[in-house]
Amino acid sequence: MMLNTQSRLSRATTLAILLLGIFTAAHGSYVTRCGHQLCLDGKPWYFQGANAYWLIDFVQKDRGMVDRFFDKCNEFGLKVIRTWAFNHAMPYEWGKYDENQFKGLDYIVDSASRHNIKLILALGNTWTAYRSPQDFMRMAGVDPSGKDILAFYNSSAVRHLYKDHISTLVWRTNTFNKRRYLEDDAIMMWDAMNEPRCPGCSDAASQRVVRSFLEEMAGHLRSNLPQQLVALGTEGYFLNSYEDYNPGAGARCEGEDWEGLARMRSIDALVVHAYERQLESVPPKWTKCDFACFLNYLIQYLSVHQRIAADVGKPVILEEFGLILPEYTQEQRVLLFRLVADNLQWMKQSGGAMAGTLFWNAAIGNVWDDGYNVYLDAPVAKPSPSPSPSPSPSPAPSTSGGGGSTSSPSAGGGGSSAPAADAGRAPIVANTETLTDFLRGPQRAACAEAAAKWWLPMWTAAWAQTVDVAGYQRRTADMTVLQVFLDTKAAIY
Ligand SMILES: *[C@@H]1O[C@H](CO)[C@@H](O)[C@H](O)[C@H]1NC(C)=O
């Protein structure tokens with residue numbers, strides 16, 4: 001068969017194909033935007049992927065672990081991995097970067113390239129993990145004491161430093177493959193920041209400040225990158241439009257006008273992070289959503305973002321989602337992942353705007369566990385049930401009104417620990433970072449309290465209950481999350 005085909009080809013064609021083969025081995029293809037979709041090799045492309053923020057730490061101790069991790073990602077069809085392009089000493093002063101940490105990132109980028117994995121790199125963090133906004137202020141010569149995150153966004157010195165930081169990253173020559181980051185197709189996309197919140201910044205003046213910061217950073221990325229995609233790293237909250245799709249009254253108070261930002265010219269792809277912990281207690285009864293309610297909320301939340309993305313003609317990526325243990329169960333996690341995978345398959349079938357999904361957080365071995373870890377080196381088959389009683393399925397309902405706000409899992413940071421379920425795994429240490437004065441906790445609380453007087457969720461309406469939860473329970477009863485990845489891999493590539 002192969003010989004027959006080859007014998008019909010002219011020598012010139014064969015040579016061209018051979019050369020092309022060599023070329024593609026050295027350089028793969030860039031993921032590009034094609035209307036409201038992502039394309040790879042000229043065709044619409046839908047992907048599943050994961051976050052793995054810990055790579056920047058573990059690469060320092062064991063480079064082989066990065067390679068083993070990407071091997072596992074390929075086994076399960078996780079083709080896009082999101083990680084941090086900043087670190088404890090990246091930068092440590094204006095323009096200064098720890099070279100060992102940078103070489104670690106070099107190794108991750110090069111290993112991704114060798115494994116045909118695409119990366120999303122976030123350039124900074126709203127939260128304190130690794131490099132905080134306060135760190136950037138100090139490095140820019142702005143004393144953060146007595147100031148808050150609005151001052152971070154509004155400082156011209158910080159903006160100058162942050163743009164230099166962006167330039168350093170994108171123009172970096174990789175010490176392993178000698179390519180500049182901006183000419184490496186293993187880097188699919190850059191997030192201007194991870195979760196650029198400005199709590200309590202819902203007024204027009206603060207909104208202008210946050211937007212102009214993001215416009216300046218995205219524009220700087222856009223003007224430096226010939227090929228790679230630009231995104232903001234947002235969570236998806238609405239302000240002044242679509243607010244009834246928000247996860248709570250106070251979501252408008254995170255300072256993120258997702259629909260307005262979606263139209264920014266310099267961004268190629270839109271980004272959403274969705275967690276059950278974002279859900280606030282809702283009026284009129286002030287009860288918190290249970291798991292089934294969360295699933296229905298999530299589908300409505302994804303749908304509205306997909307519609308907006310299609311309207312503005314840009315793809316949207318569910319860049320973070322997941323379910324924390326032991327507050328929820330493995331069974332509930334599988335159900336959630338199956339639901340998200342079904343949505344992705346539907347997007348592929350219908351040519352929809354949601355191009356891909358990345359869960360928080362993929363791990364192997366003894367990687368730290370914030371309760372969200374999905375271990376890619378675990379058994380694919382579900383272990384036979386143990387006779388012990390199953391843990392309680394959902395958290396106790398909260399009765400308090402607006403004002404509560406938690407960080408997302410990508411905040412990082414430490415908290416209370418629970419014993420590890422498996423020997424050799426790290427114990428669960430849940431992230432407990434909350435809004436501080438610097439992160440405008442009081443302003444956020446006041447804003448949420450005011451919003452709670454009038455806000456009503458769309459997703460508690462009868463028509464919004466579209467997920468057949470019992471059907472999903474039956475369908476996923478014997479599944480693991482890893483099986484969902486394998487099934488999705490077979491369905492979408
Ligand atoms: C931002 O900074 C400028 C001065 O550089 C100031 O006039 C303005 O009030 C600040 N905006 C906010 C919302 O703090």
# chains A, B, ... in the order shown; residues from 1 in each chain; ligands from 1
>>> residues_near_ligand(ligand="ligand 1", cutoff="7 Å", atoms="only C-alpha atoms and all ligand atoms", output="PyMOL selection string")
chain A and resi 150-151+154-155+205-206+209
>>> write_last_selection(atoms="N, CA and C atoms", output="short mmCIF file (atom, residue, chain, number, x, y, z; two decimals), in the first residue's frame")
data_model
loop_
_atom_site.label_atom_id
_atom_site.label_comp_id
_atom_site.auth_asym_id
_atom_site.auth_seq_id
_atom_site.Cartn_x
_atom_site.Cartn_y
_atom_site.Cartn_z
N LEU A 150 -5.80 48.82 42.89
CA LEU A 150 -6.12 49.85 41.90
C LEU A 150 -4.89 50.73 41.62
N ALA A 151 -4.10 50.96 42.68
CA ALA A 151 -2.87 51.74 42.51
C ALA A 151 -1.85 50.97 41.66
N ASN A 154 -2.91 51.48 38.17
CA ASN A 154 -2.88 52.90 37.77
C ASN A 154 -1.48 53.49 37.73
N SER A 155 -0.47 52.74 38.18
CA SER A 155 0.88 53.32 38.28
C SER A 155 1.61 53.24 36.93
N ALA A 205 -14.60 55.29 36.77
CA ALA A 205 -13.20 55.75 36.82
C ALA A 205 -12.24 54.58 37.04
N SER A 206 -12.57 53.69 38.00
CA SER A 206 -11.69 52.53 38.25
C SER A 206 -11.72 51.57 37.07
N VAL A 209 -9.31 52.60 34.53
CA VAL A 209 -7.92 52.31 34.91
C VAL A 209 -7.57 50.85 34.61
#
>>> select_by_dssp(residues="range 171-228 of chain A", states="alpha helix (DSSP H)", output="ChimeraX atom specification")
/A:204-224
>>> write_last_selection(atoms="N, CA and C atoms", output="short mmCIF file (atom, residue, chain, number, x, y, z; two decimals), in the first residue's frame")
data_model
loop_
_atom_site.label_atom_id
_atom_site.label_comp_id
_atom_site.auth_asym_id
_atom_site.auth_seq_id
_atom_site.Cartn_x
_atom_site.Cartn_y
_atom_site.Cartn_z
N ALA A 204 -17.03 53.84 37.07
CA ALA A 204 -16.49 54.12 35.74
C ALA A 204 -15.01 54.50 35.78
N ALA A 205 -14.60 55.29 36.77
CA ALA A 205 -13.20 55.75 36.82
C ALA A 205 -12.24 54.58 37.04
N SER A 206 -12.57 53.69 38.00
CA SER A 206 -11.69 52.53 38.25
C SER A 206 -11.72 51.57 37.07
N GLN A 207 -12.88 51.42 36.47
CA GLN A 207 -13.00 50.56 35.30
C GLN A 207 -12.08 51.02 34.17
N ARG A 208 -12.02 52.35 33.99
CA ARG A 208 -11.14 52.90 32.95
C ARG A 208 -9.68 52.56 33.24
N VAL A 209 -9.31 52.60 34.53
CA VAL A 209 -7.92 52.31 34.91
C VAL A 209 -7.57 50.85 34.61
N VAL A 210 -8.43 49.93 35.05
CA VAL A 210 -8.15 48.50 34.84
C VAL A 210 -8.11 48.18 33.35
N ARG A 211 -9.07 48.73 32.63
CA ARG A 211 -9.13 48.44 31.21
C ARG A 211 -7.89 48.99 30.48
N SER A 212 -7.48 50.20 30.86
CA SER A 212 -6.34 50.77 30.14
C SER A 212 -5.05 50.01 30.47
N PHE A 213 -4.93 49.49 31.71
CA PHE A 213 -3.77 48.63 32.03
C PHE A 213 -3.77 47.40 31.12
N LEU A 214 -4.91 46.73 31.04
CA LEU A 214 -4.98 45.50 30.25
C LEU A 214 -4.78 45.79 28.77
N GLU A 215 -5.33 46.94 28.31
CA GLU A 215 -5.15 47.33 26.91
C GLU A 215 -3.68 47.57 26.60
N GLU A 216 -3.00 48.22 27.55
CA GLU A 216 -1.58 48.52 27.34
C GLU A 216 -0.76 47.23 27.29
N MET A 217 -1.05 46.29 28.18
CA MET A 217 -0.27 45.03 28.21
C MET A 217 -0.60 44.15 27.02
N ALA A 218 -1.88 44.03 26.71
CA ALA A 218 -2.27 43.20 25.55
C ALA A 218 -1.73 43.82 24.27
N GLY A 219 -1.76 45.16 24.18
CA GLY A 219 -1.24 45.84 23.00
C GLY A 219 0.26 45.63 22.86
N HIS A 220 0.96 45.64 24.01
CA HIS A 220 2.41 45.42 23.99
C HIS A 220 2.72 44.00 23.52
N LEU A 221 1.95 43.04 24.01
CA LEU A 221 2.11 41.66 23.55
C LEU A 221 1.85 41.58 22.04
N ARG A 222 0.72 42.15 21.65
CA ARG A 222 0.30 42.07 20.24
C ARG A 222 1.39 42.62 19.31
N SER A 223 1.98 43.76 19.70
CA SER A 223 2.95 44.40 18.81
C SER A 223 4.28 43.66 18.79
N ASN A 224 4.52 42.78 19.77
CA ASN A 224 5.78 42.03 19.80
C ASN A 224 5.67 40.62 19.22
#
>>> residues_around(residues="Gln465 in chain A", least_positions_apart="5", cutoff="10 Å", atoms="only C-alpha atoms", output="PyMOL selection string")
chain A and resi 292-293+295-297+299-300+459-460
>>> write_last_selection(atoms="N, CA, C and O atoms", output="PDB file, in the first residue's frame")
ATOM      1  N   ALA A 292     -25.832  19.942  42.035  1.00  0.00           N
ATOM      2  CA  ALA A 292     -26.697  19.892  40.850  1.00  0.00           C
ATOM      3  C   ALA A 292     -26.970  21.303  40.341  1.00  0.00           C
ATOM      4  O   ALA A 292     -26.968  21.561  39.125  1.00  0.00           O
ATOM      5  N   CYS A 293     -27.193  22.213  41.271  1.00  0.00           N
ATOM      6  CA  CYS A 293     -27.413  23.615  40.916  1.00  0.00           C
ATOM      7  C   CYS A 293     -26.177  24.186  40.237  1.00  0.00           C
ATOM      8  O   CYS A 293     -26.272  24.912  39.237  1.00  0.00           O
ATOM      9  N   LEU A 295     -23.984  22.587  38.429  1.00  0.00           N
ATOM     10  CA  LEU A 295     -23.884  22.057  37.058  1.00  0.00           C
ATOM     11  C   LEU A 295     -24.783  22.845  36.110  1.00  0.00           C
ATOM     12  O   LEU A 295     -24.376  23.185  34.995  1.00  0.00           O
ATOM     13  N   ASN A 296     -25.987  23.122  36.557  1.00  0.00           N
ATOM     14  CA  ASN A 296     -26.910  23.906  35.725  1.00  0.00           C
ATOM     15  C   ASN A 296     -26.402  25.334  35.520  1.00  0.00           C
ATOM     16  O   ASN A 296     -26.479  25.877  34.419  1.00  0.00           O
ATOM     17  N   TYR A 297     -25.907  25.906  36.610  1.00  0.00           N
ATOM     18  CA  TYR A 297     -25.304  27.241  36.508  1.00  0.00           C
ATOM     19  C   TYR A 297     -24.162  27.226  35.483  1.00  0.00           C
ATOM     20  O   TYR A 297     -24.083  28.092  34.608  1.00  0.00           O
ATOM     21  N   ILE A 299     -23.442  25.301  32.931  1.00  0.00           N
ATOM     22  CA  ILE A 299     -23.842  25.177  31.526  1.00  0.00           C
ATOM     23  C   ILE A 299     -24.389  26.510  31.003  1.00  0.00           C
ATOM     24  O   ILE A 299     -24.086  26.928  29.883  1.00  0.00           O
ATOM     25  N   GLN A 300     -25.166  27.204  31.829  1.00  0.00           N
ATOM     26  CA  GLN A 300     -25.670  28.523  31.416  1.00  0.00           C
ATOM     27  C   GLN A 300     -24.516  29.521  31.282  1.00  0.00           C
ATOM     28  O   GLN A 300     -24.482  30.329  30.345  1.00  0.00           O
ATOM     29  N   TRP A 459     -29.952  31.658  36.702  1.00  0.00           N
ATOM     30  CA  TRP A 459     -29.761  30.216  36.661  1.00  0.00           C
ATOM     31  C   TRP A 459     -30.539  29.451  37.720  1.00  0.00           C
ATOM     32  O   TRP A 459     -30.437  28.233  37.800  1.00  0.00           O
ATOM     33  N   THR A 460     -31.303  30.146  38.558  1.00  0.00           N
ATOM     34  CA  THR A 460     -32.204  29.402  39.450  1.00  0.00           C
ATOM     35  C   THR A 460     -33.583  29.228  38.807  1.00  0.00           C
ATOM     36  O   THR A 460     -34.427  28.518  39.338  1.00  0.00           O
TER      37      THR A 460
END
>>> residues_around(residues="Asp268 in chain A", least_positions_apart="5", cutoff="9 Å", atoms="only C-alpha atoms", output="JSON, numbers by chain")
{"A": [32, 33, 229, 230, 231, 314, 315]}
>>> write_last_selection(atoms="N, CA and C atoms", output="mmCIF file, in the first residue's frame")
data_model
loop_
_atom_site.group_PDB
_atom_site.id
_atom_site.type_symbol
_atom_site.label_atom_id
_atom_site.label_comp_id
_atom_site.auth_asym_id
_atom_site.auth_seq_id
_atom_site.Cartn_x
_atom_site.Cartn_y
_atom_site.Cartn_z
ATOM 1 N N THR A 32 -3.602 29.141 15.393
ATOM 2 C CA THR A 32 -4.014 30.476 14.948
ATOM 3 C C THR A 32 -5.495 30.695 15.223
ATOM 4 N N ARG A 33 -5.903 31.961 15.144
ATOM 5 C CA ARG A 33 -7.326 32.264 15.239
ATOM 6 C C ARG A 33 -7.905 32.290 13.847
ATOM 7 N N LEU A 229 -0.892 33.844 20.194
ATOM 8 C CA LEU A 229 -2.166 34.467 20.558
ATOM 9 C C LEU A 229 -2.044 35.267 21.856
ATOM 10 N N VAL A 230 -2.901 36.261 21.979
ATOM 11 C CA VAL A 230 -2.921 37.122 23.166
ATOM 12 C C VAL A 230 -4.279 36.994 23.858
ATOM 13 N N ALA A 231 -4.247 36.827 25.178
ATOM 14 C CA ALA A 231 -5.482 36.774 25.975
ATOM 15 C C ALA A 231 -5.246 37.522 27.286
ATOM 16 N N LYS A 314 -14.514 35.765 18.229
ATOM 17 C CA LYS A 314 -13.266 35.255 18.795
ATOM 18 C C LYS A 314 -13.529 33.932 19.501
ATOM 19 N N PRO A 315 -12.540 33.033 19.485
ATOM 20 C CA PRO A 315 -12.720 31.789 20.243
ATOM 21 C C PRO A 315 -12.656 32.051 21.742
#
>>> atom_distance(atom1="CA of Val469 in chain A", atom2="CA of Asp342 in chain A")
13.4 Å
>>> residues_around(residues="Asp377 in chain A", least_positions_apart="4", cutoff="8 Å", atoms="only C-alpha atoms", output="list in words")
Lys72, Ile364 and Gly365 of chain A
>>> closest_residue(among="A:Tyr92, A:Tyr97, A:Phe70, A:Phe76", to="Asp110 in chain A", atoms="only C-alpha atoms")
A:Phe70
>>> select_by_dssp(residues="range 6-131 of chain A", states="strand (DSSP E)", output="count of residues only")
27
>>> closest_residue(among="A:Ile428, A:Ile117, A:Cys39, A:Val271", to="Asp369 in chain A", atoms="only C-alpha atoms")
A:Ile428
>>> closest_residue(among="A:Leu335, A:Leu119, A:Ala249, A:Leu169", to="Ala477 in chain A", atoms="only C-alpha atoms")
A:Leu335
>>> atom_distance(atom1="CA of Gln227 in chain A", atom2="CA of Ala192 in chain A")
15.9 Å
>>> residues_around(residues="Ile120 in chain A", least_positions_apart="3", cutoff="8 Å", atoms="only C-alpha atoms", output="ChimeraX atom specification")
/A:80-83,187-191
>>> write_last_selection(atoms="all heavy atoms", output="PDB file, in the first residue's frame")
ATOM      1  N   VAL A  80      -2.914  20.957  25.480  1.00  0.00           N
ATOM      2  CA  VAL A  80      -2.530  22.317  25.872  1.00  0.00           C
ATOM      3  C   VAL A  80      -2.313  22.345  27.385  1.00  0.00           C
ATOM      4  O   VAL A  80      -3.161  21.875  28.147  1.00  0.00           O
ATOM      5  CB  VAL A  80      -3.608  23.346  25.474  1.00  0.00           C
ATOM      6  CG1 VAL A  80      -3.216  24.745  25.946  1.00  0.00           C
ATOM      7  CG2 VAL A  80      -3.824  23.344  23.954  1.00  0.00           C
ATOM      8  N   ILE A  81      -1.170  22.873  27.794  1.00  0.00           N
ATOM      9  CA  ILE A  81      -0.857  22.982  29.220  1.00  0.00           C
ATOM     10  C   ILE A  81      -0.609  24.452  29.549  1.00  0.00           C
ATOM     11  O   ILE A  81       0.105  25.153  28.835  1.00  0.00           O
ATOM     12  CB  ILE A  81       0.385  22.126  29.580  1.00  0.00           C
ATOM     13  CG1 ILE A  81       0.078  20.633  29.356  1.00  0.00           C
ATOM     14  CG2 ILE A  81       0.830  22.377  31.024  1.00  0.00           C
ATOM     15  CD1 ILE A  81      -1.055  20.046  30.192  1.00  0.00           C
ATOM     16  N   ARG A  82      -1.242  24.894  30.634  1.00  0.00           N
ATOM     17  CA  ARG A  82      -1.083  26.289  31.065  1.00  0.00           C
ATOM     18  C   ARG A  82      -0.212  26.328  32.306  1.00  0.00           C
ATOM     19  O   ARG A  82      -0.406  25.553  33.243  1.00  0.00           O
ATOM     20  CB  ARG A  82      -2.454  26.890  31.359  1.00  0.00           C
ATOM     21  CG  ARG A  82      -2.439  28.327  31.865  1.00  0.00           C
ATOM     22  CD  ARG A  82      -3.861  28.879  31.880  1.00  0.00           C
ATOM     23  NE  ARG A  82      -3.926  30.245  32.365  1.00  0.00           N
ATOM     24  CZ  ARG A  82      -4.298  30.590  33.603  1.00  0.00           C
ATOM     25  NH1 ARG A  82      -4.635  29.659  34.481  1.00  0.00           N
ATOM     26  NH2 ARG A  82      -4.348  31.854  33.961  1.00  0.00           N
ATOM     27  N   THR A  83       0.754  27.221  32.292  1.00  0.00           N
ATOM     28  CA  THR A  83       1.633  27.361  33.453  1.00  0.00           C
ATOM     29  C   THR A  83       2.080  28.803  33.587  1.00  0.00           C
ATOM     30  O   THR A  83       1.707  29.659  32.789  1.00  0.00           O
ATOM     31  CB  THR A  83       2.811  26.346  33.364  1.00  0.00           C
ATOM     32  OG1 THR A  83       3.413  26.199  34.643  1.00  0.00           O
ATOM     33  CG2 THR A  83       3.847  26.768  32.351  1.00  0.00           C
ATOM     34  N   ILE A 187       4.593  27.637  22.175  1.00  0.00           N
ATOM     35  CA  ILE A 187       3.841  28.622  22.973  1.00  0.00           C
ATOM     36  C   ILE A 187       2.656  29.080  22.134  1.00  0.00           C
ATOM     37  O   ILE A 187       2.809  29.747  21.122  1.00  0.00           O
ATOM     38  CB  ILE A 187       4.719  29.809  23.402  1.00  0.00           C
ATOM     39  CG1 ILE A 187       5.912  29.293  24.238  1.00  0.00           C
ATOM     40  CG2 ILE A 187       3.889  30.829  24.189  1.00  0.00           C
ATOM     41  CD1 ILE A 187       6.945  30.359  24.578  1.00  0.00           C
ATOM     42  N   MET A 188       1.483  28.666  22.563  1.00  0.00           N
ATOM     43  CA  MET A 188       0.266  28.953  21.809  1.00  0.00           C
ATOM     44  C   MET A 188      -0.275  30.331  22.150  1.00  0.00           C
ATOM     45  O   MET A 188      -0.742  31.057  21.281  1.00  0.00           O
ATOM     46  CB  MET A 188      -0.769  27.877  22.167  1.00  0.00           C
ATOM     47  CG  MET A 188      -2.188  28.176  21.771  1.00  0.00           C
ATOM     48  SD  MET A 188      -3.253  26.745  22.132  1.00  0.00           S
ATOM     49  CE  MET A 188      -4.573  27.543  23.024  1.00  0.00           C
ATOM     50  N   MET A 189      -0.197  30.696  23.438  1.00  0.00           N
ATOM     51  CA  MET A 189      -0.902  31.897  23.881  1.00  0.00           C
ATOM     52  C   MET A 189      -0.253  32.459  25.141  1.00  0.00           C
ATOM     53  O   MET A 189       0.337  31.722  25.928  1.00  0.00           O
ATOM     54  CB  MET A 189      -2.371  31.532  24.157  1.00  0.00           C
ATOM     55  CG  MET A 189      -3.276  32.697  24.455  1.00  0.00           C
ATOM     56  SD  MET A 189      -5.020  32.203  24.369  1.00  0.00           S
ATOM     57  CE  MET A 189      -5.322  31.800  26.084  1.00  0.00           C
ATOM     58  N   TRP A 190      -0.389  33.776  25.299  1.00  0.00           N
ATOM     59  CA  TRP A 190       0.066  34.463  26.510  1.00  0.00           C
ATOM     60  C   TRP A 190      -1.152  35.098  27.196  1.00  0.00           C
ATOM     61  O   TRP A 190      -1.957  35.746  26.535  1.00  0.00           O
ATOM     62  CB  TRP A 190       1.052  35.568  26.157  1.00  0.00           C
ATOM     63  CG  TRP A 190       2.307  35.106  25.479  1.00  0.00           C
ATOM     64  CD1 TRP A 190       2.493  34.896  24.135  1.00  0.00           C
ATOM     65  CD2 TRP A 190       3.563  34.810  26.100  1.00  0.00           C
ATOM     66  NE1 TRP A 190       3.783  34.490  23.895  1.00  0.00           N
ATOM     67  CE2 TRP A 190       4.465  34.428  25.081  1.00  0.00           C
ATOM     68  CE3 TRP A 190       4.018  34.833  27.434  1.00  0.00           C
ATOM     69  CZ2 TRP A 190       5.792  34.075  25.347  1.00  0.00           C
ATOM     70  CZ3 TRP A 190       5.339  34.482  27.686  1.00  0.00           C
ATOM     71  CH2 TRP A 190       6.215  34.105  26.658  1.00  0.00           C
ATOM     72  N   ASP A 191      -1.240  34.912  28.512  1.00  0.00           N
ATOM     73  CA  ASP A 191      -2.232  35.634  29.318  1.00  0.00           C
ATOM     74  C   ASP A 191      -1.543  36.862  29.899  1.00  0.00           C
ATOM     75  O   ASP A 191      -0.524  36.720  30.594  1.00  0.00           O
ATOM     76  CB  ASP A 191      -2.706  34.774  30.500  1.00  0.00           C
ATOM     77  CG  ASP A 191      -3.747  33.744  30.093  1.00  0.00           C
ATOM     78  OD1 ASP A 191      -4.345  33.877  29.010  1.00  0.00           O
ATOM     79  OD2 ASP A 191      -3.956  32.801  30.885  1.00  0.00           O
TER      80      ASP A 191
END
